[in-house]
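Data file: structure.cif. Format and content: mmCIF, C-alpha atoms and all ligand atoms.
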```cif
data_model
#
loop_
_atom_site.group_PDB
_atom_site.id
_atom_site.type_symbol
_atom_site.label_atom_id
_atom_site.label_comp_id
_atom_site.auth_asym_id
_atom_site.auth_seq_id
_atom_site.Cartn_x
_atom_site.Cartn_y
_atom_site.Cartn_z
ATOM 1 C CA MET U 1 45.689 24.587 47.844
ATOM 2 C CA ASN U 2 44.828 25.204 44.146
ATOM 3 C CA ALA U 3 43.863 22.467 41.665
ATOM 4 C CA ILE U 4 43.782 22.224 37.874
ATOM 5 C CA GLY U 5 40.585 21.381 36.000
ATOM 6 C CA VAL U 6 40.833 20.298 32.363
ATOM 7 C CA ASP U 7 37.714 20.301 30.192
ATOM 8 C CA ILE U 8 38.117 18.228 27.024
ATOM 9 C CA GLY U 9 35.474 19.214 24.510
ATOM 10 C CA GLY U 10 34.752 18.656 20.840
ATOM 11 C CA THR U 11 36.160 22.052 19.899
ATOM 12 C CA LYS U 12 38.719 22.866 22.600
ATOM 13 C CA ILE U 13 40.823 21.712 25.497
ATOM 14 C CA ALA U 14 40.547 24.217 28.362
ATOM 15 C CA ALA U 15 42.799 23.929 31.418
ATOM 16 C CA ALA U 16 42.425 26.215 34.441
ATOM 17 C CA VAL U 17 44.104 26.736 37.793
ATOM 18 C CA VAL U 18 41.271 27.103 40.300
ATOM 19 C CA SER U 19 41.487 28.438 43.855
ATOM 20 C CA PRO U 20 39.670 26.826 46.826
ATOM 21 C CA GLU U 21 37.034 29.586 46.494
ATOM 22 C CA GLY U 22 36.309 28.593 42.886
ATOM 23 C CA LYS U 23 38.158 31.456 41.247
ATOM 24 C CA VAL U 24 39.931 30.811 37.928
ATOM 25 C CA LEU U 25 43.505 32.070 38.480
ATOM 26 C CA ASN U 26 44.909 31.123 35.092
ATOM 27 C CA GLU U 27 43.512 29.469 31.972
ATOM 28 C CA VAL U 28 44.802 28.111 28.645
ATOM 29 C CA ARG U 29 42.798 26.874 25.663
ATOM 30 C CA TYR U 30 43.823 24.800 22.668
ATOM 31 C CA PRO U 31 41.485 24.234 19.711
ATOM 32 C CA THR U 32 40.941 20.470 19.421
ATOM 33 C CA GLN U 33 40.952 20.459 15.605
ATOM 34 C CA ALA U 34 44.538 21.775 15.553
ATOM 35 C CA ILE U 35 45.770 18.730 17.514
ATOM 36 C CA PRO U 36 46.872 15.644 15.524
ATOM 37 C CA PRO U 37 45.063 12.576 17.004
ATOM 38 C CA ASN U 38 48.361 10.986 18.121
ATOM 39 C CA ARG U 39 49.348 14.154 20.033
ATOM 40 C CA LEU U 40 46.264 14.381 22.218
ATOM 41 C CA ILE U 41 47.789 13.052 25.449
ATOM 42 C CA GLU U 42 50.915 15.156 25.047
ATOM 43 C CA THR U 43 48.781 18.249 24.318
ATOM 44 C CA ILE U 44 46.730 17.677 27.491
ATOM 45 C CA ALA U 45 49.971 17.306 29.465
ATOM 46 C CA GLN U 46 51.342 20.458 27.852
ATOM 47 C CA ALA U 47 48.172 22.397 28.735
ATOM 48 C CA ILE U 48 48.524 21.274 32.365
ATOM 49 C CA ARG U 49 52.234 22.208 32.520
ATOM 50 C CA GLU U 50 51.610 25.560 30.828
ATOM 51 C CA VAL U 51 48.682 26.636 33.015
ATOM 52 C CA LYS U 52 50.487 25.487 36.175
ATOM 53 C CA GLU U 53 53.534 27.675 35.558
ATOM 54 C CA GLY U 54 53.967 30.060 38.511
ATOM 55 C CA PHE U 55 51.135 28.592 40.636
ATOM 56 C CA GLU U 56 51.112 26.213 43.562
ATOM 57 C CA VAL U 57 48.955 23.264 42.538
ATOM 58 C CA ASP U 58 48.347 19.918 44.215
ATOM 59 C CA GLY U 59 46.359 17.832 41.679
ATOM 60 C CA ALA U 60 44.452 17.847 38.398
ATOM 61 C CA CYS U 61 41.295 16.275 37.023
ATOM 62 C CA LEU U 62 40.138 15.799 33.427
ATOM 63 C CA ALA U 63 36.486 16.135 32.423
ATOM 64 C CA VAL U 64 35.952 13.913 29.371
ATOM 65 C CA PRO U 65 32.836 13.500 27.199
ATOM 66 C CA GLY U 66 32.325 9.746 27.177
ATOM 67 C CA PHE U 67 32.140 6.665 29.321
ATOM 68 C CA VAL U 68 34.656 6.981 32.157
ATOM 69 C CA LEU U 69 35.658 4.310 34.657
ATOM 70 C CA THR U 70 36.452 6.645 37.530
ATOM 71 C CA THR U 71 37.725 3.829 39.731
ATOM 72 C CA GLU U 72 40.533 3.121 37.233
ATOM 73 C CA ASN U 73 40.999 6.638 35.805
ATOM 74 C CA LYS U 74 40.252 5.204 32.389
ATOM 75 C CA VAL U 75 38.125 6.395 29.493
ATOM 76 C CA ILE U 76 36.377 3.398 27.927
ATOM 77 C CA PHE U 77 34.698 5.237 25.075
ATOM 78 C CA ALA U 78 35.000 8.847 23.911
ATOM 79 C CA PRO U 79 33.807 9.769 20.408
ATOM 80 C CA ASN U 80 36.629 11.430 18.387
ATOM 81 C CA LEU U 81 39.097 11.092 21.278
ATOM 82 C CA HIS U 82 40.233 7.523 20.685
ATOM 83 C CA GLU U 83 43.868 8.144 21.697
ATOM 84 C CA ILE U 84 42.863 8.508 25.328
ATOM 85 C CA GLU U 85 40.678 5.374 25.405
ATOM 86 C CA ASN U 86 41.597 2.321 27.481
ATOM 87 C CA ILE U 87 44.821 3.593 29.012
ATOM 88 C CA HIS U 88 45.624 4.553 32.591
ATOM 89 C CA LEU U 89 45.467 8.320 32.190
ATOM 90 C CA ASP U 90 46.550 8.896 35.785
ATOM 91 C CA GLU U 91 49.875 7.153 35.044
ATOM 92 C CA GLU U 92 50.402 8.646 31.565
ATOM 93 C CA LEU U 93 49.623 12.203 32.650
ATOM 94 C CA GLY U 94 51.103 11.873 36.118
ATOM 95 C CA ARG U 95 54.469 10.965 34.587
ATOM 96 C CA ARG U 96 54.330 13.919 32.195
ATOM 97 C CA THR U 97 53.111 16.565 34.642
ATOM 98 C CA GLY U 98 54.302 15.490 38.085
ATOM 99 C CA LEU U 99 50.746 15.804 39.436
ATOM 100 C CA ARG U 100 48.163 13.313 40.576
ATOM 101 C CA VAL U 101 45.627 13.272 37.692
ATOM 102 C CA THR U 102 42.126 11.789 37.897
ATOM 103 C CA VAL U 103 39.347 11.487 35.290
ATOM 104 C CA GLU U 104 35.606 12.162 35.362
ATOM 105 C CA ASN U 105 32.722 12.238 32.926
ATOM 106 C CA ASP U 106 32.249 15.830 31.711
ATOM 107 C CA ALA U 107 28.584 16.174 32.723
ATOM 108 C CA ASN U 108 29.333 14.813 36.194
ATOM 109 C CA ALA U 109 32.170 17.339 36.517
ATOM 110 C CA ALA U 110 29.892 20.191 35.396
ATOM 111 C CA ALA U 111 27.252 19.021 37.884
ATOM 112 C CA TRP U 112 29.862 19.116 40.639
ATOM 113 C CA GLY U 113 30.971 22.601 39.539
ATOM 114 C CA GLU U 114 27.412 23.934 39.884
ATOM 115 C CA PHE U 115 27.076 22.147 43.223
ATOM 116 C CA ARG U 116 30.273 23.604 44.696
ATOM 117 C CA PHE U 117 30.280 27.084 43.178
ATOM 118 C CA GLY U 118 27.046 27.720 41.251
ATOM 119 C CA ALA U 119 23.282 27.129 41.332
ATOM 120 C CA GLY U 120 23.541 24.379 43.980
ATOM 121 C CA GLN U 121 26.150 25.844 46.310
ATOM 122 C CA ALA U 122 23.702 26.323 49.196
ATOM 123 C CA VAL U 123 22.204 22.808 49.080
ATOM 124 C CA ASP U 124 23.170 19.142 49.613
ATOM 125 C CA HIS U 125 20.878 17.555 46.996
ATOM 126 C CA GLN U 126 21.103 18.698 43.381
ATOM 127 C CA VAL U 127 20.183 17.377 39.944
ATOM 128 C CA PHE U 128 22.052 18.990 37.038
ATOM 129 C CA ILE U 129 21.124 18.737 33.405
ATOM 130 C CA THR U 130 22.906 20.275 30.429
ATOM 131 C CA LEU U 131 21.018 20.937 27.201
ATOM 132 C CA GLY U 132 23.554 21.013 24.381
ATOM 133 C CA THR U 133 23.998 19.003 21.198
ATOM 134 C CA GLY U 134 23.043 16.125 23.496
ATOM 135 C CA ILE U 135 21.808 16.053 27.094
ATOM 136 C CA GLY U 136 24.192 15.329 29.941
ATOM 137 C CA GLY U 137 23.280 14.953 33.570
ATOM 138 C CA GLY U 138 24.688 14.608 37.053
ATOM 139 C CA VAL U 139 23.145 13.826 40.422
ATOM 140 C CA ILE U 140 24.429 14.846 43.842
ATOM 141 C CA THR U 141 22.642 13.405 46.816
ATOM 142 C CA HIS U 142 23.699 13.909 50.459
ATOM 143 C CA GLY U 143 26.626 15.901 49.062
ATOM 144 C CA VAL U 144 27.969 12.874 47.159
ATOM 145 C CA LEU U 145 28.273 12.640 43.377
ATOM 146 C CA LEU U 146 26.296 9.630 42.168
ATOM 147 C CA ARG U 147 28.554 7.569 39.899
ATOM 148 C CA GLY U 148 27.035 4.096 40.119
ATOM 149 C CA ALA U 149 28.983 0.837 40.138
ATOM 150 C CA GLN U 150 31.235 1.714 37.199
ATOM 151 C CA GLY U 151 31.126 5.487 37.008
ATOM 152 C CA ALA U 152 28.477 5.447 34.273
ATOM 153 C CA GLY U 153 25.571 6.660 36.410
ATOM 154 C CA GLY U 154 23.760 9.951 36.009
ATOM 155 C CA GLU U 155 22.965 9.568 32.283
ATOM 156 C CA LEU U 156 19.771 11.539 32.675
ATOM 157 C CA GLY U 157 19.531 12.335 28.951
ATOM 158 C CA HIS U 158 18.798 8.730 28.061
ATOM 159 C CA VAL U 159 15.627 7.964 29.965
ATOM 160 C CA THR U 160 12.920 6.981 27.488
ATOM 161 C CA LEU U 161 9.961 9.360 27.472
ATOM 162 C CA ASP U 162 8.321 8.289 24.204
ATOM 163 C CA PRO U 163 9.122 4.788 22.893
ATOM 164 C CA THR U 164 7.865 5.730 19.424
ATOM 165 C CA GLY U 165 9.627 9.125 19.465
ATOM 166 C CA PRO U 166 12.519 10.382 17.327
ATOM 167 C CA PRO U 167 15.766 8.372 17.170
ATOM 168 C CA CYS U 168 18.453 9.160 19.766
ATOM 169 C CA SER U 169 22.252 9.254 19.415
ATOM 170 C CA CYS U 170 22.375 6.223 21.757
ATOM 171 C CA GLY U 171 20.406 4.017 19.360
ATOM 172 C CA ASN U 172 17.183 4.168 21.356
ATOM 173 C CA HIS U 173 14.049 6.158 20.430
ATOM 174 C CA GLY U 174 12.345 8.983 22.304
ATOM 175 C CA CYS U 175 14.992 9.574 24.993
ATOM 176 C CA LEU U 176 14.865 12.922 26.798
ATOM 177 C CA GLU U 177 17.911 13.860 24.657
ATOM 178 C CA ALA U 178 15.988 13.152 21.442
ATOM 179 C CA LEU U 179 13.158 15.440 22.602
ATOM 180 C CA ALA U 180 14.751 18.324 24.515
ATOM 181 C CA SER U 181 18.404 18.826 23.432
ATOM 182 C CA GLY U 182 19.568 21.711 21.237
ATOM 183 C CA THR U 183 19.611 19.236 18.338
ATOM 184 C CA ALA U 184 16.007 18.233 19.090
ATOM 185 C CA ILE U 185 14.962 21.910 19.115
ATOM 186 C CA GLY U 186 16.472 22.349 15.628
ATOM 187 C CA ARG U 187 14.716 19.218 14.322
ATOM 188 C CA ARG U 188 11.325 20.190 15.774
ATOM 189 C CA ALA U 189 11.785 23.765 14.531
ATOM 190 C CA ARG U 190 12.131 22.506 10.958
ATOM 191 C CA GLU U 191 8.888 20.506 11.337
ATOM 192 C CA VAL U 192 6.961 23.449 12.805
ATOM 193 C CA ALA U 193 8.385 25.730 10.080
ATOM 194 C CA ASN U 194 6.685 23.483 7.499
ATOM 195 C CA GLU U 195 3.400 23.669 9.380
ATOM 196 C CA MET U 196 3.604 27.465 9.852
ATOM 197 C CA PRO U 197 5.370 28.676 6.665
ATOM 198 C CA ARG U 198 4.354 32.317 7.119
ATOM 199 C CA SER U 199 5.888 32.622 10.561
ATOM 200 C CA ALA U 200 9.344 34.163 10.955
ATOM 201 C CA LEU U 201 10.571 30.630 11.692
ATOM 202 C CA GLY U 202 8.936 29.334 8.507
ATOM 203 C CA ARG U 203 10.573 32.073 6.433
ATOM 204 C CA LEU U 204 13.990 31.516 8.010
ATOM 205 C CA ALA U 205 13.783 27.778 7.319
ATOM 206 C CA ILE U 206 13.655 28.518 3.570
ATOM 207 C CA GLU U 207 16.925 30.484 3.803
ATOM 208 C CA LYS U 208 18.978 28.186 6.036
ATOM 209 C CA GLN U 209 19.110 25.118 8.276
ATOM 210 C CA VAL U 210 17.404 26.360 11.464
ATOM 211 C CA LEU U 211 19.379 25.742 14.677
ATOM 212 C CA GLY U 212 18.392 25.854 18.335
ATOM 213 C CA GLU U 213 19.952 29.320 18.741
ATOM 214 C CA ASP U 214 17.833 30.708 15.865
ATOM 215 C CA VAL U 215 14.684 29.490 17.618
ATOM 216 C CA THR U 216 15.665 31.258 20.860
ATOM 217 C CA ARG U 217 16.310 34.518 18.992
ATOM 218 C CA LEU U 218 12.963 34.360 17.162
ATOM 219 C CA ALA U 219 11.139 33.545 20.415
ATOM 220 C CA HIS U 220 12.607 36.712 21.951
ATOM 221 C CA GLU U 221 11.197 38.579 18.940
ATOM 222 C CA GLY U 222 7.761 37.117 19.697
ATOM 223 C CA ASP U 223 7.442 34.669 16.778
ATOM 224 C CA LYS U 224 4.579 32.250 17.564
ATOM 225 C CA ALA U 225 6.156 29.278 15.770
ATOM 226 C CA ALA U 226 9.433 29.647 17.681
ATOM 227 C CA LEU U 227 7.540 30.047 20.964
ATOM 228 C CA ARG U 228 5.586 26.869 20.206
ATOM 229 C CA VAL U 229 8.804 24.893 19.600
ATOM 230 C CA LEU U 230 10.341 26.051 22.890
ATOM 231 C CA GLU U 231 7.147 25.425 24.841
ATOM 232 C CA GLU U 232 6.918 21.862 23.525
ATOM 233 C CA THR U 233 10.602 21.344 24.322
ATOM 234 C CA GLY U 234 10.123 22.714 27.836
ATOM 235 C CA ARG U 235 7.203 20.353 28.401
ATOM 236 C CA TRP U 236 9.308 17.331 27.422
ATOM 237 C CA LEU U 237 12.071 18.590 29.697
ATOM 238 C CA GLY U 238 9.566 18.953 32.534
ATOM 239 C CA ILE U 239 8.222 15.432 32.000
ATOM 240 C CA GLY U 240 11.794 14.147 32.379
ATOM 241 C CA LEU U 241 12.515 16.377 35.372
ATOM 242 C CA ALA U 242 9.314 15.281 37.143
ATOM 243 C CA GLY U 243 10.707 11.740 37.192
ATOM 244 C CA PHE U 244 14.077 12.917 38.558
ATOM 245 C CA VAL U 245 12.326 15.021 41.208
ATOM 246 C CA ASN U 246 10.338 11.960 42.333
ATOM 247 C CA ILE U 247 13.411 9.723 42.409
ATOM 248 C CA PHE U 248 16.025 12.008 43.983
ATOM 249 C CA ASN U 249 13.983 14.587 45.943
ATOM 250 C CA PRO U 250 16.523 17.338 45.083
ATOM 251 C CA GLU U 251 16.454 20.832 46.539
ATOM 252 C CA VAL U 252 17.680 22.298 43.244
ATOM 253 C CA VAL U 253 17.507 21.236 39.606
ATOM 254 C CA ALA U 254 20.107 23.285 37.721
ATOM 255 C CA VAL U 255 19.629 23.507 33.943
ATOM 256 C CA GLY U 256 22.699 24.476 31.897
ATOM 257 C CA GLY U 257 24.078 24.140 28.359
ATOM 258 C CA GLY U 258 23.564 26.273 25.251
ATOM 259 C CA ALA U 259 19.806 25.654 24.979
ATOM 260 C CA SER U 260 19.280 26.914 28.535
ATOM 261 C CA ARG U 261 19.813 30.398 27.049
ATOM 262 C CA ALA U 262 16.158 30.104 26.024
ATOM 263 C CA GLY U 263 15.565 30.672 29.764
ATOM 264 C CA ALA U 264 11.935 31.058 30.794
ATOM 265 C CA PHE U 265 10.703 29.996 27.326
ATOM 266 C CA ILE U 266 11.830 26.483 28.253
ATOM 267 C CA LEU U 267 11.935 26.581 32.059
ATOM 268 C CA GLU U 268 8.377 27.863 32.621
ATOM 269 C CA PRO U 269 6.630 25.012 30.752
ATOM 270 C CA ALA U 270 9.102 22.606 32.432
ATOM 271 C CA ARG U 271 8.112 23.915 35.889
ATOM 272 C CA LYS U 272 4.420 23.514 35.005
ATOM 273 C CA GLU U 273 4.924 19.853 34.063
ATOM 274 C CA VAL U 274 6.853 19.206 37.277
ATOM 275 C CA ASP U 275 3.980 20.801 39.238
ATOM 276 C CA ILE U 276 1.466 18.548 37.497
ATOM 277 C CA ARG U 277 3.456 15.312 37.475
ATOM 278 C CA ALA U 278 5.870 15.178 40.420
ATOM 279 C CA ARG U 279 4.663 14.159 43.838
ATOM 280 C CA SER U 280 4.358 16.217 46.967
ATOM 281 C CA PRO U 281 6.416 16.990 49.051
ATOM 282 C CA SER U 282 9.298 16.712 46.500
ATOM 283 C CA ARG U 283 7.585 18.988 43.962
ATOM 284 C CA ASP U 284 6.909 21.653 46.600
ATOM 285 C CA LEU U 285 10.534 21.796 47.715
ATOM 286 C CA VAL U 286 12.401 21.740 44.408
ATOM 287 C CA LYS U 287 13.647 24.907 42.702
ATOM 288 C CA ILE U 288 14.241 24.580 38.959
ATOM 289 C CA ARG U 289 16.952 27.103 38.126
ATOM 290 C CA LYS U 290 19.192 28.083 35.291
ATOM 291 C CA ALA U 291 22.778 26.995 35.979
ATOM 292 C CA THR U 292 24.993 29.957 36.813
ATOM 293 C CA LEU U 293 28.550 29.045 35.764
ATOM 294 C CA GLY U 294 28.035 28.757 31.981
ATOM 295 C CA PRO U 295 30.800 26.982 30.062
ATOM 296 C CA GLU U 296 33.187 27.333 33.053
ATOM 297 C CA SER U 297 31.261 24.672 35.012
ATOM 298 C CA GLY U 298 33.449 21.953 33.433
ATOM 299 C CA VAL U 299 36.876 23.301 34.490
ATOM 300 C CA LEU U 300 35.575 24.433 37.890
ATOM 301 C CA GLY U 301 33.905 21.106 38.628
ATOM 302 C CA ALA U 302 36.886 19.100 37.406
ATOM 303 C CA ALA U 303 39.245 21.139 39.602
ATOM 304 C CA ALA U 304 36.950 20.605 42.594
ATOM 305 C CA LEU U 305 37.084 16.839 41.947
ATOM 306 C CA ALA U 306 40.915 16.758 41.762
ATOM 307 C CA ARG U 307 42.517 14.804 44.570
ATOM 308 C CA SER U 308 45.887 15.080 46.222
ATOM 309 C CA GLU U 309 48.258 12.147 46.903
ATOM 310 C CA ASP U 310 46.418 11.359 50.142
ATOM 311 C CA GLY U 311 43.085 11.092 48.272
ATOM 312 C CA GLU U 312 41.522 14.284 49.682
ATOM 313 C CA TYR U 313 39.876 16.920 47.491
ATOM 314 C CA VAL U 314 42.599 19.467 46.741
ATOM 315 C CA LEU U 315 40.198 22.413 46.934
ATOM 316 C CA GLY U 316 39.152 21.347 50.405
ATOM 317 C CA PRO U 317 36.324 19.188 51.675
ATOM 318 C CA SER U 318 33.052 19.255 49.792
ATOM 319 C CA LYS U 319 29.867 20.087 51.621
ATOM 320 C CA GLN U 320 29.634 16.320 52.056
ATOM 321 C CA VAL U 321 27.259 15.276 54.823
ATOM 322 C CA ALA U 322 27.224 11.494 54.253
HETATM 323 ZN ZN ZN P 401 19.308 8.098 24.139
#
```
I need this file expressed as structure tokens, please.
Amino acid sequence: MNAIGVDIGGTKIAAAVVSPEGKVLNEVRYPTQAIPPNRLIETIAQAIREVKEGFEVDGACLAVPGFVLTTENKVIFAPNLHEIENIHLDEELGRRTGLRVTVENDANAAAWGEFRFGAGQAVDHQVFITLGTGIGGGVITHGVLLRGAQGAGGELGHVTLDPTGPPCSCGNHGCLEALASGTAIGRRAREVANEMPRSALGRLAIEKQVLGEDVTRLAHEGDKAALRVLEETGRWLGIGLAGFVNIFNPEVVAVGGGASRAGAFILEPARKEVDIRARSPSRDLVKIRKATLGPESGVLGAAALARSEDGEYVLGPSKQVA
């Protein structure tokens, strides 16, 4: 049977009907900024009803950026989405849509999407990391999504790598997120631009605020300053990944998010650090790959985590082995 995945982002709400094979059969998108804050729940319900029209569907799951108590289908904290905090979303949305609705953290849902239908579909042990404005993560071990006691587990972006490093959005300093996210690339690019003012990066920094995507473009053009920024970023990423490889012994590390478009510029130095720092046999087994689903990982993963009334995954059993 089909399921609905809903990805609630800073810029849009995307709802999709997904088949058991991971095919998107129908999709609707609403820009978040057009939704008055007190209409958020109704808009989510409307997106579910609209996308469902004409399809057989047996459950839905929301992927929400924030702290989610999966056991209670509650969002405890979601920046800019306060209307959906601290209420039983399964009841509110169930009543309005006639479906069983569950809730997951967005990075965990994306991790599950890659595991079921993307970079990790052939394995049972996968670490997923998404390099965007921040860094999200998700861990699947023995085919089971690691949630921890409250559903807050898998926050791979907030391991401290450098206690005296740049400030992080979480209030700490030197987290992986503060050193290897798209935001961190932009910050480091502005520093390197000052040190190398004659580089293409240095010249661009005089004209505009340099962003992560500018650095990727200049690296493709061969600019040494841009290449240096991405290599440093990749090394920090690799230092973080080496720890995850030692802890979880994954078969695949899938790297997604906007900054993963830098591809080998980031992944090669990351692989080198993992080779140096992670232990054998974990480091010999692991494949560090670019995620394959792109921005669809959220709706696909959420749909694959939707459950029917009897508590089973609507899209069929996972590859679960434990
Ligand atoms: Zn942090």
Next item on the list: Go through U:Ala122, U:Ala304, U:Cys168, U:Val274 one by one, measure the shortest atom-to-atom distance of each to Leu145 in chain U using all atoms listed in the file, and give the residue with the smallest value.
Entry: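 That would be U:Ala304, the residue with the smallest distance to Leu145 in chain U.
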Notebook entry, point to check: Contacts of Ala152 in chain U at 8 Å or less, counting all atoms listed in the file, minus same-chain residues fewer than 4 places along, as a list in words?
Noted result: Phe67, Val68, Leu69, Arg147 and Gly148 of chain U
For the selection just defined, write its residues with C-alpha atoms to a file, as a PDB file, keeping the file's coordinate frame.
```
ATOM      1  CA  PHE U  67      32.140   6.665  29.321  1.00  0.00           C
ATOM      2  CA  VAL U  68      34.656   6.981  32.157  1.00  0.00           C
ATOM      3  CA  LEU U  69      35.658   4.310  34.657  1.00  0.00           C
ATOM      4  CA  ARG U 147      28.554   7.569  39.899  1.00  0.00           C
ATOM      5  CA  GLY U 148      27.035   4.096  40.119  1.00  0.00           C
TER       6      GLY U 148
END
```
Next item on the list: Figure out the distance between CA of Glu177 in chain U and CA of Asp214 in chain U, please, to one decimal in Å.
Entry: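 Interatomic distance here is 19.0 Å.
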Enumerate residues in contact with ligand ZN 401 (chain P): an atom-to-atom distance of at most 8 Å, counting all atoms listed in the file. Format the result as a CSV table (one decimal) with C-alpha atoms, in the coordinates of the input.
```
chain,number,residue,atom,x,y,z
U,157,GLY,CA,19.5,12.3,29.0
U,158,HIS,CA,18.8,8.7,28.1
U,159,VAL,CA,15.6,8.0,30.0
U,160,THR,CA,12.9,7.0,27.5
U,167,PRO,CA,15.8,8.4,17.2
U,168,CYS,CA,18.5,9.2,19.8
U,169,SER,CA,22.3,9.3,19.4
U,170,CYS,CA,22.4,6.2,21.8
U,171,GLY,CA,20.4,4.0,19.4
U,172,ASN,CA,17.2,4.2,21.4
U,173,HIS,CA,14.0,6.2,20.4
U,174,GLY,CA,12.3,9.0,22.3
U,175,CYS,CA,15.0,9.6,25.0
U,176,LEU,CA,14.9,12.9,26.8
U,177,GLU,CA,17.9,13.9,24.7
U,178,ALA,CA,16.0,13.2,21.4
```
Item checked: Polymer residues at most 9 Å from range 46-61 of chain U, all atoms listed in the file, same-chain spacing of 3 or more positions, as a PyMOL selection string -> chain U and resi 1-7+13-18+25-30+41-43+96-104+299+301-309+313-315
Margin query: What's around Asn86 in chain U at 7 Å? Count all atoms listed in the file, leave out sequence neighbours fewer than 4 positions away in its own chain, and write the answer as a list in words.
Written below: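 The neighbour list is Lys74, Val75 and Ile76 of chain U.
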Next item on the list: Compare U:Val252, U:Ala259, U:Leu285, U:Ala184 by their minimum atom-to-atom distance to Gly118 in chain U, counting only C-alpha atoms, and give me the closest one.
Entry: U:Val252
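The closest residue to Leu131 in chain U, picked from U:Gln33, U:Asn105, U:Asp162, U:Leu156 and counting all atoms listed in the file, is U:Leu156.
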Could you give me, as JSON lines, every range 39-73 of chain U residue with an atom at most 6 Å from range 106-114 of chain U, plus its closest atom pair and distance in Å to one decimal, counting all atoms listed in the file, rows ordered by chain then number?
```
{"residue": "U:Ala63", "atom": "CA", "partner": "U:Asp106", "partner_atom": "CA", "distance": 4.3}
{"residue": "U:Val64", "atom": "CA", "partner": "U:Asp106", "partner_atom": "CA", "distance": 4.8}
{"residue": "U:Pro65", "atom": "CA", "partner": "U:Asp106", "partner_atom": "CA", "distance": 5.1}
```
Selection from above, C-alpha atoms, as a compact mmCIF listing (two decimals), in the coordinates of the input, can you write it?
```txt
# COMPACT_ATOMS: atom_id res chain seq x y z
CA ALA U 63 36.49 16.14 32.42
CA VAL U 64 35.95 13.91 29.37
CA PRO U 65 32.84 13.50 27.20
```
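Checking U:His88, U:His142, U:Arg190, U:Lys272 one by one against Arg235 in chain U, counting all atoms listed in the file, you find the shortest gap at U:Lys272.
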